[in-house]
file upload-v6.cif (mmCIF, C-alpha atoms)
data_model
loop_
_atom_site.label_atom_id
_atom_site.label_comp_id
_atom_site.auth_asym_id
_atom_site.auth_seq_id
_atom_site.Cartn_x
_atom_site.Cartn_y
_atom_site.Cartn_z
CA MET V 1 -16.97 72.74 89.27
CA ILE V 2 -18.38 73.15 92.77
CA GLN V 3 -17.22 70.49 95.23
CA ASP V 4 -20.06 68.52 96.85
CA PRO V 5 -19.34 68.70 100.63
CA ASP V 6 -20.59 65.11 101.03
CA GLN V 7 -18.06 63.74 98.53
CA PRO V 8 -14.35 63.20 99.11
CA SER V 9 -12.06 65.75 97.54
CA PRO V 10 -9.72 64.72 94.72
CA ASP V 11 -6.84 65.25 97.18
CA MET V 12 -8.44 62.86 99.66
CA ALA V 13 -9.00 60.28 96.93
CA SER V 14 -5.34 60.55 95.93
CA THR V 15 -4.27 60.18 99.57
CA MET V 16 -6.47 57.12 99.99
CA LEU V 17 -5.10 55.54 96.82
CA THR V 18 -1.55 56.13 98.04
CA LEU V 19 -2.41 54.67 101.45
CA ILE V 20 -3.93 51.54 99.92
CA THR V 21 -1.21 50.98 97.35
CA THR V 22 1.70 51.52 99.74
CA ARG V 23 0.53 49.19 102.51
CA GLN V 24 2.75 46.14 102.64
CA THR V 25 2.97 43.08 104.81
CA VAL V 26 5.80 43.17 107.30
CA LEU V 27 6.37 39.79 108.91
CA PRO V 28 5.69 39.71 112.66
CA LYS V 29 9.29 38.77 113.48
CA ARG V 30 10.37 42.05 111.86
CA LEU V 31 8.00 44.23 113.91
CA SER V 32 9.44 46.17 116.81
CA GLU V 33 8.42 48.57 119.55
CA PRO V 34 6.65 50.80 119.92
CA GLY V 35 3.26 49.31 119.30
CA PRO V 36 0.11 51.41 119.05
CA ASN V 37 -1.31 53.16 122.09
CA ALA V 38 -4.89 52.72 123.32
CA TRP V 39 -6.22 55.67 121.27
CA GLN V 40 -4.64 54.30 118.10
CA VAL V 41 -5.96 50.78 118.73
CA ASN V 42 -9.44 52.19 119.34
CA ASN V 43 -9.32 53.96 115.97
CA MET V 44 -8.19 50.77 114.25
CA PHE V 45 -11.21 48.98 115.72
CA ARG V 46 -13.51 51.83 114.71
CA ALA V 47 -12.30 51.38 111.14
CA ALA V 48 -12.82 47.61 111.32
CA ALA V 49 -16.38 48.17 112.55
CA ALA V 50 -17.09 50.27 109.44
CA ALA V 51 -16.50 47.32 107.11
CA PRO V 52 -19.29 46.28 104.73
CA ASP V 53 -21.51 43.86 106.56
CA HIS V 54 -24.54 42.10 105.10
CA HIS V 55 -27.45 42.44 107.57
CA MET V 56 -25.12 44.22 110.05
CA ILE V 57 -24.24 41.08 112.01
CA MET V 58 -20.52 41.95 112.43
CA PRO V 59 -19.33 38.37 111.87
CA TRP V 60 -15.94 39.11 113.37
CA ARG V 61 -14.46 39.44 116.77
CA PHE V 62 -11.05 40.78 117.63
CA VAL V 63 -9.21 39.56 120.70
CA LEU V 64 -6.35 41.67 122.01
CA VAL V 65 -3.50 39.59 123.36
CA PRO V 66 -1.58 41.69 125.89
CA PRO V 67 2.05 40.84 126.61
CA ASP V 68 1.21 39.12 129.89
CA ARG V 69 -1.12 36.67 128.05
CA ARG V 70 1.27 35.71 125.25
CA ALA V 71 2.31 32.54 127.09
CA ALA V 72 -1.35 31.41 127.13
CA LEU V 73 -1.54 31.98 123.38
CA ALA V 74 1.72 30.06 122.91
CA ASP V 75 0.09 27.13 124.72
CA VAL V 76 -2.90 27.34 122.37
CA PHE V 77 -0.56 27.34 119.35
CA ALA V 78 1.22 24.25 120.72
CA GLN V 79 -2.10 22.52 121.38
CA ALA V 80 -3.29 23.32 117.85
CA LEU V 81 -0.10 21.92 116.32
CA LEU V 82 -0.33 18.72 118.34
CA GLU V 83 -4.00 18.34 117.38
CA ARG V 84 -3.02 18.54 113.70
CA ASP V 85 0.17 16.53 114.02
CA GLY V 86 0.59 14.28 117.02
CA ALA V 87 4.11 13.44 115.84
CA ALA V 88 5.33 17.06 115.90
CA THR V 89 8.87 17.34 117.23
CA PRO V 90 9.74 19.42 120.29
CA GLU V 91 11.46 21.88 117.92
CA GLN V 92 8.25 22.25 115.88
CA VAL V 93 6.23 22.81 119.05
CA ALA V 94 8.74 25.45 120.22
CA GLN V 95 8.54 27.17 116.84
CA ALA V 96 4.73 27.23 117.04
CA CYS V 97 4.91 28.72 120.54
CA GLU V 98 7.42 31.38 119.52
CA LYS V 99 4.86 32.92 117.13
CA ALA V 100 2.93 34.31 120.11
CA PHE V 101 5.85 36.60 121.02
CA ARG V 102 6.85 38.05 117.65
CA SER V 103 5.32 41.55 117.69
CA PRO V 104 4.71 44.39 120.12
CA PHE V 105 0.95 44.35 119.43
CA LEU V 106 -1.15 41.31 118.70
CA ALA V 107 -4.85 41.01 117.94
CA LEU V 108 -6.59 37.86 116.79
CA ALA V 109 -9.38 38.15 114.23
CA ILE V 110 -12.06 35.54 114.73
CA ALA V 111 -14.65 34.84 112.05
CA ARG V 112 -18.11 33.79 113.22
CA LEU V 113 -19.16 31.36 110.51
CA GLY V 114 -21.59 29.11 112.37
CA LEU V 115 -25.36 29.47 112.46
CA CYS V 116 -26.55 33.03 112.89
CA GLU V 117 -29.65 35.15 112.73
CA PRO V 118 -30.36 36.49 110.25
CA ASP V 119 -29.06 33.64 108.12
CA VAL V 120 -26.15 35.00 106.08
CA ASP V 121 -24.03 32.67 103.96
CA PRO V 122 -20.64 31.96 105.60
CA LEU V 123 -18.78 33.08 102.45
CA GLU V 124 -20.47 36.49 102.61
CA ARG V 125 -19.54 36.73 106.29
CA MET V 126 -15.93 35.82 105.53
CA VAL V 127 -15.78 38.60 102.94
CA SER V 128 -16.94 41.02 105.66
CA VAL V 129 -14.29 39.68 108.03
CA GLY V 130 -11.62 40.29 105.40
CA ALA V 131 -12.88 43.83 104.85
CA ALA V 132 -12.77 44.51 108.60
CA ILE V 133 -9.19 43.26 108.78
CA GLN V 134 -8.20 45.35 105.75
CA ASN V 135 -9.72 48.48 107.31
CA PHE V 136 -7.81 47.74 110.53
CA LEU V 137 -4.53 47.28 108.64
CA LEU V 138 -5.03 50.42 106.55
CA VAL V 139 -5.60 52.59 109.59
CA ALA V 140 -2.53 51.06 111.26
CA HIS V 141 -0.56 51.91 108.10
CA SER V 142 -1.94 55.47 108.07
CA MET V 143 -0.56 55.88 111.61
CA GLY V 144 2.89 54.72 110.54
CA PHE V 145 2.71 51.16 111.84
CA ALA V 146 3.88 48.16 109.89
CA ALA V 147 1.59 45.15 110.19
CA SER V 148 0.67 41.83 108.71
CA LEU V 149 -2.15 39.38 108.46
CA THR V 150 -0.91 35.89 109.19
CA SER V 151 -2.81 32.66 109.00
CA GLY V 152 -1.83 29.11 108.23
CA PRO V 153 -2.87 25.72 109.56
CA VAL V 154 -3.62 27.04 113.05
CA SER V 155 -6.42 29.09 111.46
CA TYR V 156 -8.29 25.91 110.68
CA THR V 157 -7.94 24.26 114.08
CA HIS V 158 -11.16 24.07 116.04
CA LEU V 159 -10.10 24.61 119.62
CA THR V 160 -12.59 25.56 122.26
CA LEU V 161 -11.19 27.81 124.89
CA PRO V 162 -12.77 30.14 127.40
CA THR V 163 -12.77 33.83 126.56
CA SER V 164 -10.73 34.42 129.70
CA ALA V 165 -7.87 32.32 128.30
CA LEU V 166 -6.40 35.28 126.44
CA VAL V 167 -7.89 38.49 127.81
#

call {"tool": "encode", "arguments": {"input": "upload-v6.cif", "output": "structure tokens"}}
result
Amino acid sequence: MIQDPDQPSPDMASTMLTLITTRQTVLPKRLSEPGPNAWQVNNMFRAAAAAPDHHMIMPWRFVLVPPDRRAALADVFAQALLERDGAATPEQVAQACEKAFRSPFLALAIARLGLCEPDVDPLERMVSVGAAIQNFLLVAHSMGFAASLTSGPVSYTHLTLPTSALV
């Protein structure tokens, strides 16, 4: 059989299957230096941008949180906890803050689910966001980095903060 140059080779398909099936979540507190360099991060974002996207609206945004802005993110995590639970103990607030410092590289994925043009159902947009995150994680894995996708109650907090708060 003649290999179509526009189709992946069987070896590439096998490599991709291995990549996908060997990716595992590694909790942020177990991640250690070194984190990815700028070239590697750029390639992770290129992969995210290739995710399936109905009407090409890219309903996601990624925010890099450099080490010198982790304290600002910790404050946001504390604010989100107190918004959800005004009776949170100081220990719970400290635990929420600590999450901002757990890994050498941190990017926030933000789903744009409000009104948009063209009008695309929020569930379809969320599927695209998930695909973008998966592409990002798979490329990180292909480069030898452990990673995880974490969420939780803070994901559902509606805080308004200026873009400059974290970047």

call {"tool": "residues_around", "arguments": {"input": "upload-v6.cif", "residues": "Arg102 in chain V", "least_positions_apart": "4", "cutoff": "9 Å", "atoms": "all atoms listed in the file", "output": "list in words"}}
result
Leu27, Pro28, Lys29, Arg30, Leu31, Ser32, Glu98 and Leu106 of chain V

call {"tool": "residues_around", "arguments": {"input": "upload-v6.cif", "residues": "Ala147 in chain V", "least_positions_apart": "2", "cutoff": "7 Å", "atoms": "only C-alpha atoms", "output": "list in words"}}
result
Thr25, Val26, Leu137 and Phe145 of chain V

call {"tool": "atom_distance", "arguments": {"input": "upload-v6.cif", "atom1": "CA of Asp4 in chain V", "atom2": "CA of Ser128 in chain V"}}
result
29.0 Å

call {"tool": "resolve_selection", "arguments": {"input": "upload-v6.cif", "expression": "the PyMOL selection byres ((chain V and resi 99) around 12)", "output": "ChimeraX atom specification"}}
result
/V:27-30,70-78,92-98,100-104,106,150-152,154

call {"tool": "atom_distance", "arguments": {"input": "upload-v6.cif", "atom1": "CA of Phe136 in chain V", "atom2": "CA of Trp39 in chain V"}}
result
13.4 Å

call {"tool": "closest_residue", "arguments": {"input": "upload-v6.cif", "among": "V:Ala107, V:Leu138, V:Met56, V:Ala47", "to": "Ile20 in chain V", "atoms": "all atoms listed in the file"}}
result
V:Leu138

call {"tool": "resolve_selection", "arguments": {"input": "upload-v6.cif", "expression": "the PyMOL selection byres ((chain V and resi 127) around 10)", "output": "ChimeraX atom specification"}}
result
/V:51-54,59,111,122-126,128-133

call {"tool": "write_last_selection", "arguments": {"input": "upload-v6.cif", "atoms": "C-alpha atoms", "output": "PDB file, keeping the file's coordinate frame"}}
result
ATOM      1  CA  ALA V  51     -16.500  47.320 107.110  1.00  0.00           C
ATOM      2  CA  PRO V  52     -19.290  46.280 104.730  1.00  0.00           C
ATOM      3  CA  ASP V  53     -21.510  43.860 106.560  1.00  0.00           C
ATOM      4  CA  HIS V  54     -24.540  42.100 105.100  1.00  0.00           C
ATOM      5  CA  PRO V  59     -19.330  38.370 111.870  1.00  0.00           C
ATOM      6  CA  ALA V 111     -14.650  34.840 112.050  1.00  0.00           C
ATOM      7  CA  PRO V 122     -20.640  31.960 105.600  1.00  0.00           C
ATOM      8  CA  LEU V 123     -18.780  33.080 102.450  1.00  0.00           C
ATOM      9  CA  GLU V 124     -20.470  36.490 102.610  1.00  0.00           C
ATOM     10  CA  ARG V 125     -19.540  36.730 106.290  1.00  0.00           C
ATOM     11  CA  MET V 126     -15.930  35.820 105.530  1.00  0.00           C
ATOM     12  CA  SER V 128     -16.940  41.020 105.660  1.00  0.00           C
ATOM     13  CA  VAL V 129     -14.290  39.680 108.030  1.00  0.00           C
ATOM     14  CA  GLY V 130     -11.620  40.290 105.400  1.00  0.00           C
ATOM     15  CA  ALA V 131     -12.880  43.830 104.850  1.00  0.00           C
ATOM     16  CA  ALA V 132     -12.770  44.510 108.600  1.00  0.00           C
ATOM     17  CA  ILE V 133      -9.190  43.260 108.780  1.00  0.00           C
TER      18      ILE V 133
END

call {"tool": "closest_residue", "arguments": {"input": "upload-v6.cif", "among": "V:Ala88, V:Leu64, V:Val139, V:Ala80", "to": "Ile110 in chain V", "atoms": "only C-alpha atoms"}}
result
V:Leu64

call {"tool": "atom_distance", "arguments": {"input": "upload-v6.cif", "atom1": "CA of Ser148 in chain V", "atom2": "CA of Arg23 in chain V"}}
result
9.6 Å

call {"tool": "closest_residue", "arguments": {"input": "upload-v6.cif", "among": "V:Gln24, V:Pro153, V:Ala48, V:Pro36", "to": "Leu81 in chain V", "atoms": "only C-alpha atoms"}}
result
V:Pro153

call {"tool": "axis_aligned_box", "arguments": {"input": "upload-v6.cif", "around": "range 74-85 of chain V", "padding_each_side": "5 Å", "output": "lines of an AutoDock Vina configuration file"}}
result
center_x = -1.1
center_y = 23.3
center_z = 119.2
size_x = 15.7
size_y = 23.5
size_z = 21.0

call {"tool": "closest_residue", "arguments": {"input": "upload-v6.cif", "among": "V:Phe105, V:Leu82, V:His55, V:Asn42", "to": "Asp68 in chain V", "atoms": "only C-alpha atoms"}}
result
V:Phe105

call {"tool": "decode", "arguments": {"input": "upload-v6.cif", "residues": "range 122-137 of chain V", "atoms": "all heavy atoms", "output": "PDB file, in the first residue's frame"}}
result
ATOM      1  N   PRO V 122     -23.401  27.853  24.992  1.00  0.00           N
ATOM      2  CA  PRO V 122     -22.314  27.758  25.982  1.00  0.00           C
ATOM      3  C   PRO V 122     -21.768  26.343  26.165  1.00  0.00           C
ATOM      4  O   PRO V 122     -20.564  26.172  26.388  1.00  0.00           O
ATOM      5  CB  PRO V 122     -22.959  28.270  27.270  1.00  0.00           C
ATOM      6  CG  PRO V 122     -24.043  29.186  26.804  1.00  0.00           C
ATOM      7  CD  PRO V 122     -24.562  28.569  25.529  1.00  0.00           C
ATOM      8  N   LEU V 123     -22.621  25.316  26.065  1.00  0.00           N
ATOM      9  CA  LEU V 123     -22.122  23.945  26.218  1.00  0.00           C
ATOM     10  C   LEU V 123     -21.150  23.608  25.094  1.00  0.00           C
ATOM     11  O   LEU V 123     -20.096  23.001  25.329  1.00  0.00           O
ATOM     12  CB  LEU V 123     -23.278  22.950  26.248  1.00  0.00           C
ATOM     13  CG  LEU V 123     -22.876  21.487  26.420  1.00  0.00           C
ATOM     14  CD1 LEU V 123     -22.071  21.283  27.696  1.00  0.00           C
ATOM     15  CD2 LEU V 123     -24.100  20.593  26.417  1.00  0.00           C
ATOM     16  N   GLU V 124     -21.452  24.010  23.877  1.00  0.00           N
ATOM     17  CA  GLU V 124     -20.531  23.767  22.757  1.00  0.00           C
ATOM     18  C   GLU V 124     -19.213  24.500  22.983  1.00  0.00           C
ATOM     19  O   GLU V 124     -18.141  23.981  22.685  1.00  0.00           O
ATOM     20  CB  GLU V 124     -21.156  24.210  21.440  1.00  0.00           C
ATOM     21  CG  GLU V 124     -22.302  23.335  20.993  1.00  0.00           C
ATOM     22  CD  GLU V 124     -22.866  23.768  19.651  1.00  0.00           C
ATOM     23  OE1 GLU V 124     -22.092  24.248  18.789  1.00  0.00           O
ATOM     24  OE2 GLU V 124     -24.082  23.622  19.458  1.00  0.00           O
ATOM     25  N   ARG V 125     -19.289  25.716  23.517  1.00  0.00           N
ATOM     26  CA  ARG V 125     -18.069  26.470  23.797  1.00  0.00           C
ATOM     27  C   ARG V 125     -17.250  25.792  24.885  1.00  0.00           C
ATOM     28  O   ARG V 125     -16.023  25.747  24.817  1.00  0.00           O
ATOM     29  CB  ARG V 125     -18.401  27.917  24.172  1.00  0.00           C
ATOM     30  CG  ARG V 125     -18.860  28.710  22.951  1.00  0.00           C
ATOM     31  CD  ARG V 125     -19.081  30.148  23.285  1.00  0.00           C
ATOM     32  NE  ARG V 125     -20.484  30.327  23.649  1.00  0.00           N
ATOM     33  CZ  ARG V 125     -20.953  31.315  24.385  1.00  0.00           C
ATOM     34  NH1 ARG V 125     -20.149  32.217  24.878  1.00  0.00           N
ATOM     35  NH2 ARG V 125     -22.226  31.393  24.646  1.00  0.00           N
ATOM     36  N   MET V 126     -17.930  25.254  25.898  1.00  0.00           N
ATOM     37  CA  MET V 126     -17.211  24.587  26.986  1.00  0.00           C
ATOM     38  C   MET V 126     -16.504  23.332  26.478  1.00  0.00           C
ATOM     39  O   MET V 126     -15.391  23.023  26.929  1.00  0.00           O
ATOM     40  CB  MET V 126     -18.181  24.253  28.122  1.00  0.00           C
ATOM     41  CG  MET V 126     -17.502  24.004  29.422  1.00  0.00           C
ATOM     42  SD  MET V 126     -16.673  25.502  30.001  1.00  0.00           S
ATOM     43  CE  MET V 126     -15.526  24.797  31.126  1.00  0.00           C
ATOM     44  N   VAL V 127     -17.131  22.633  25.541  1.00  0.00           N
ATOM     45  CA  VAL V 127     -16.471  21.466  24.937  1.00  0.00           C
ATOM     46  C   VAL V 127     -15.184  21.912  24.240  1.00  0.00           C
ATOM     47  O   VAL V 127     -14.142  21.266  24.367  1.00  0.00           O
ATOM     48  CB  VAL V 127     -17.432  20.739  23.965  1.00  0.00           C
ATOM     49  CG1 VAL V 127     -16.688  19.712  23.134  1.00  0.00           C
ATOM     50  CG2 VAL V 127     -18.569  20.078  24.739  1.00  0.00           C
ATOM     51  N   SER V 128     -15.236  23.034  23.521  1.00  0.00           N
ATOM     52  CA  SER V 128     -14.036  23.562  22.864  1.00  0.00           C
ATOM     53  C   SER V 128     -12.969  23.941  23.878  1.00  0.00           C
ATOM     54  O   SER V 128     -11.769  23.695  23.661  1.00  0.00           O
ATOM     55  CB  SER V 128     -14.387  24.782  22.009  1.00  0.00           C
ATOM     56  OG  SER V 128     -15.135  24.407  20.887  1.00  0.00           O
ATOM     57  N   VAL V 129     -13.376  24.540  24.985  1.00  0.00           N
ATOM     58  CA  VAL V 129     -12.425  24.902  26.036  1.00  0.00           C
ATOM     59  C   VAL V 129     -11.723  23.644  26.553  1.00  0.00           C
ATOM     60  O   VAL V 129     -10.499  23.619  26.704  1.00  0.00           O
ATOM     61  CB  VAL V 129     -13.122  25.659  27.185  1.00  0.00           C
ATOM     62  CG1 VAL V 129     -12.183  25.856  28.364  1.00  0.00           C
ATOM     63  CG2 VAL V 129     -13.666  26.996  26.700  1.00  0.00           C
ATOM     64  N   GLY V 130     -12.497  22.608  26.804  1.00  0.00           N
ATOM     65  CA  GLY V 130     -11.913  21.351  27.276  1.00  0.00           C
ATOM     66  C   GLY V 130     -10.935  20.766  26.273  1.00  0.00           C
ATOM     67  O   GLY V 130      -9.872  20.253  26.653  1.00  0.00           O
ATOM     68  N   ALA V 131     -11.274  20.853  24.993  1.00  0.00           N
ATOM     69  CA  ALA V 131     -10.368  20.344  23.955  1.00  0.00           C
ATOM     70  C   ALA V 131      -9.072  21.164  23.921  1.00  0.00           C
ATOM     71  O   ALA V 131      -7.977  20.599  23.760  1.00  0.00           O
ATOM     72  CB  ALA V 131     -11.066  20.370  22.592  1.00  0.00           C
ATOM     73  N   ALA V 132      -9.182  22.468  24.085  1.00  0.00           N
ATOM     74  CA  ALA V 132      -7.983  23.319  24.100  1.00  0.00           C
ATOM     75  C   ALA V 132      -7.086  22.946  25.279  1.00  0.00           C
ATOM     76  O   ALA V 132      -5.856  22.826  25.131  1.00  0.00           O
ATOM     77  CB  ALA V 132      -8.383  24.797  24.173  1.00  0.00           C
ATOM     78  N   ILE V 133      -7.684  22.741  26.432  1.00  0.00           N
ATOM     79  CA  ILE V 133      -6.914  22.359  27.617  1.00  0.00           C
ATOM     80  C   ILE V 133      -6.257  20.996  27.406  1.00  0.00           C
ATOM     81  O   ILE V 133      -5.081  20.800  27.727  1.00  0.00           O
ATOM     82  CB  ILE V 133      -7.803  22.362  28.880  1.00  0.00           C
ATOM     83  CG1 ILE V 133      -8.245  23.790  29.209  1.00  0.00           C
ATOM     84  CG2 ILE V 133      -7.073  21.726  30.059  1.00  0.00           C
ATOM     85  CD1 ILE V 133      -9.345  23.873  30.255  1.00  0.00           C
ATOM     86  N   GLN V 134      -6.997  20.053  26.842  1.00  0.00           N
ATOM     87  CA  GLN V 134      -6.437  18.721  26.591  1.00  0.00           C
ATOM     88  C   GLN V 134      -5.252  18.809  25.628  1.00  0.00           C
ATOM     89  O   GLN V 134      -4.217  18.185  25.860  1.00  0.00           O
ATOM     90  CB  GLN V 134      -7.504  17.772  26.046  1.00  0.00           C
ATOM     91  CG  GLN V 134      -7.000  16.376  25.732  1.00  0.00           C
ATOM     92  CD  GLN V 134      -6.619  15.555  26.949  1.00  0.00           C
ATOM     93  OE1 GLN V 134      -6.544  16.040  28.080  1.00  0.00           O
ATOM     94  NE2 GLN V 134      -6.371  14.283  26.737  1.00  0.00           N
ATOM     95  N   ASN V 135      -5.388  19.589  24.557  1.00  0.00           N
ATOM     96  CA  ASN V 135      -4.267  19.752  23.628  1.00  0.00           C
ATOM     97  C   ASN V 135      -3.051  20.326  24.358  1.00  0.00           C
ATOM     98  O   ASN V 135      -1.921  19.870  24.164  1.00  0.00           O
ATOM     99  CB  ASN V 135      -4.649  20.672  22.469  1.00  0.00           C
ATOM    100  CG  ASN V 135      -5.543  20.002  21.448  1.00  0.00           C
ATOM    101  OD1 ASN V 135      -5.904  18.845  21.569  1.00  0.00           O
ATOM    102  ND2 ASN V 135      -5.915  20.774  20.441  1.00  0.00           N
ATOM    103  N   PHE V 136      -3.278  21.327  25.191  1.00  0.00           N
ATOM    104  CA  PHE V 136      -2.210  21.947  25.970  1.00  0.00           C
ATOM    105  C   PHE V 136      -1.513  20.895  26.843  1.00  0.00           C
ATOM    106  O   PHE V 136      -0.283  20.787  26.855  1.00  0.00           O
ATOM    107  CB  PHE V 136      -2.813  23.062  26.831  1.00  0.00           C
ATOM    108  CG  PHE V 136      -1.815  23.923  27.532  1.00  0.00           C
ATOM    109  CD1 PHE V 136      -1.454  25.151  27.012  1.00  0.00           C
ATOM    110  CD2 PHE V 136      -1.255  23.535  28.742  1.00  0.00           C
ATOM    111  CE1 PHE V 136      -0.537  25.972  27.663  1.00  0.00           C
ATOM    112  CE2 PHE V 136      -0.339  24.338  29.396  1.00  0.00           C
ATOM    113  CZ  PHE V 136       0.022  25.557  28.858  1.00  0.00           C
ATOM    114  N   LEU V 137      -2.316  20.111  27.566  1.00  0.00           N
ATOM    115  CA  LEU V 137      -1.761  19.097  28.467  1.00  0.00           C
ATOM    116  C   LEU V 137      -1.015  18.005  27.709  1.00  0.00           C
ATOM    117  O   LEU V 137       0.027  17.521  28.170  1.00  0.00           O
ATOM    118  CB  LEU V 137      -2.876  18.482  29.316  1.00  0.00           C
ATOM    119  CG  LEU V 137      -3.518  19.406  30.350  1.00  0.00           C
ATOM    120  CD1 LEU V 137      -4.718  18.715  30.990  1.00  0.00           C
ATOM    121  CD2 LEU V 137      -2.521  19.850  31.391  1.00  0.00           C
TER     122      LEU V 137
END
